[in-house]
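Participant: Attaching a single structure in structure tokens format; questions to follow.
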Amino acid sequence: MARPFVLDITETADYLEKSLKQAKSGTQKERLLMLWWVKTGQVSQRKELNQRLGRSSATLTRWLAAYRSGGLSALLEEKTAPGAPPKIQGEALEKLKQQLASEEGFSSYGAIVDWLKQECGLDLKYDTVNRFVSQKLKAKLKVPRPQSLKQAPEAIERFKKTFNSR
């Protein structure tokens, strides 16, 4: 015979409803909704919760165990994946952002690696700097377009004046 579904919810239905409206993530909303359904009497069996939420019984058991042991804060706690802290942070990050925003900028990622080593004392690999600057900072290197040495300066000025009239 299955164990009876008994859950003693200490929060009021109004508090759960307000928390549900203010929840920012989907996981928090799901868990608060589960508690609200049980508190208001809309759900009285574990199987019905499984069907309404579309979650396995093992997941609900884990959620209910977290609530029973640590209350609402333990149930709503979102775990973050572990990871190494960023290699470029603090003052070095601010200096790099300023340098990237300046007119000079950098001509290559290798130049950034050298600059970080000289200015900030950070010895980083090319790939690390490339990924950080392009993906995290979404910055682009300042590289001027190539110009022909044979180009006449008068022709450039004439083109600028006549281009706007087109």
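The way I read the labels, and the way they are meant: chains A, B, ... in the order of the structure tokens, residue 1 as the first residue of every chain, and ligand 1 as the first ligand shown, with later ones counted on from there.
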Give me, as a ChimeraX atom specification, all polymer residues having an atom no more than 10 Å from region 33-48 of chain A, counting only C-alpha atoms and skipping those fewer than 5 positions away in the same chain.
Facilitator: /A:4-17,19-21,27-28,53-57,60-61,63-64,67,72
Participant: With C-alpha atoms retained, write the just-selected residues as a PDB file, in the first residue's frame.
Facilitator:
ATOM      1  CA  PRO A   4      -0.581   8.710   2.126  1.00  0.00           C
ATOM      2  CA  PHE A   5       0.098  12.129   0.621  1.00  0.00           C
ATOM      3  CA  VAL A   6       0.449  14.472   3.584  1.00  0.00           C
ATOM      4  CA  LEU A   7       2.118  17.859   3.258  1.00  0.00           C
ATOM      5  CA  ASP A   8       1.935  20.483   5.986  1.00  0.00           C
ATOM      6  CA  ILE A   9       2.336  23.861   4.243  1.00  0.00           C
ATOM      7  CA  THR A  10       3.075  26.695   6.669  1.00  0.00           C
ATOM      8  CA  GLU A  11       2.605  29.584   4.199  1.00  0.00           C
ATOM      9  CA  THR A  12      -0.835  31.008   3.458  1.00  0.00           C
ATOM     10  CA  ALA A  13      -2.509  30.590   0.075  1.00  0.00           C
ATOM     11  CA  ASP A  14      -2.416  34.377  -0.475  1.00  0.00           C
ATOM     12  CA  TYR A  15       1.325  34.501   0.210  1.00  0.00           C
ATOM     13  CA  LEU A  16       1.934  31.609  -2.201  1.00  0.00           C
ATOM     14  CA  GLU A  17      -0.189  33.294  -4.864  1.00  0.00           C
ATOM     15  CA  SER A  19       5.031  34.750  -4.595  1.00  0.00           C
ATOM     16  CA  LEU A  20       3.887  32.897  -7.693  1.00  0.00           C
ATOM     17  CA  LYS A  21       3.149  36.181  -9.482  1.00  0.00           C
ATOM     18  CA  THR A  27      11.434  26.432 -11.868  1.00  0.00           C
ATOM     19  CA  GLN A  28      10.308  28.685  -9.030  1.00  0.00           C
ATOM     20  CA  LEU A  53       3.041  19.362 -13.676  1.00  0.00           C
ATOM     21  CA  GLY A  54       4.254  16.772 -16.170  1.00  0.00           C
ATOM     22  CA  ARG A  55       7.024  15.719 -13.818  1.00  0.00           C
ATOM     23  CA  SER A  56       8.068  12.275 -12.616  1.00  0.00           C
ATOM     24  CA  SER A  57       7.213  11.062  -9.140  1.00  0.00           C
ATOM     25  CA  LEU A  60       8.132  15.568  -6.909  1.00  0.00           C
ATOM     26  CA  THR A  61       9.474  13.420  -4.082  1.00  0.00           C
ATOM     27  CA  TRP A  63      10.897  18.717  -4.196  1.00  0.00           C
ATOM     28  CA  LEU A  64       8.674  17.690  -1.304  1.00  0.00           C
ATOM     29  CA  TYR A  67      10.333  21.604   1.369  1.00  0.00           C
ATOM     30  CA  LEU A  72      10.164  27.411   1.135  1.00  0.00           C
TER      31      LEU A  72
END
Participant: When DSSP is applied to the backbone of this structure, which of region 29-130 of chain A are assigned helix (DSSP H, G or I)? Write them out as a PyMOL selection string.
Facilitator: chain A and resi 29-40+46-53+57-76+91-101+109-119+126-130
Participant: So that I can see what lies close to Leu93 (chain A), please list as a PyMOL selection string the residues with an atom at most 12 Å from it, counting only C-alpha atoms and leaving out residues fewer than 4 positions away in the same chain.
Facilitator: chain A and resi 86-89+97-100+112+116+119-120+122+129+132-133+136-137
Participant: Rank nothing, just name the residue among A:Arg52, A:Glu104, A:Leu75, A:Ala65 nearest to Arg31 (chain A), using only C-alpha atoms.
Facilitator: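 Answer, going by the shortest atom-to-atom distance: A:Leu75.
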Participant: When you look at Phe106 (chain A) with a cut-off of 10 Å (counting only C-alpha atoms), what residues show up, excluding the ones that are within fewer than 4 positions of it in the same chain? I need them as a CSV table (one decimal) with C-alpha atoms, in the first residue's frame.
Facilitator:
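For reference, selection_3.csv as written:
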chain,number,residue,atom,x,y,z
A,99,GLN,CA,41.4,50.2,-24.1
A,100,LEU,CA,38.9,48.4,-26.4
A,101,ALA,CA,36.6,51.4,-26.4
A,102,SER,CA,39.4,53.8,-27.2
A,110,GLY,CA,47.9,38.6,-29.8
A,111,ALA,CA,48.4,42.3,-29.1
A,112,ILE,CA,45.7,42.0,-26.3
A,115,TRP,CA,49.1,44.2,-23.4
A,140,LYS,CA,35.6,43.9,-32.0
A,141,LEU,CA,39.1,44.8,-32.8
A,142,LYS,CA,39.8,48.2,-34.3
A,143,VAL,CA,41.5,47.4,-37.6
Participant: Between A:Leu149, A:Leu76, A:Ala58, A:Ile156, single out the one closest to Glu30 (chain A), counting only C-alpha atoms.
Facilitator: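 Under the stated criterion, the closest residue is A:Leu76.
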Participant: Between CA of Tyr126 (chain A) and CA of Gln147 (chain A), what is the distance, to one decimal in Å?
Facilitator: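 Computing it gives 28.4 Å between the two atoms.
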Participant: What is the distance, in Å and to one decimal place, between CA of Asn130 (chain A) and CA of Tyr109 (chain A)?
Facilitator: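 Pair CA of Asn130 (chain A) / CA of Tyr109 (chain A) returns 6.0 Å.
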Participant: Which is closer to Ser134 (chain A) than all the others in A:Ser108, A:Thr59, A:Ser148, A:Thr80, using only C-alpha atoms?
Facilitator: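 Looking only at the distances to Ser134 (chain A), the closest residue turns out to be A:Ser108.
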Participant: Just the number, please: distance in Å from CA of Gly105 (chain A) to CA of Pro146 (chain A), one decimal.
Facilitator: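 Computing it gives 16.6 Å between the two atoms.
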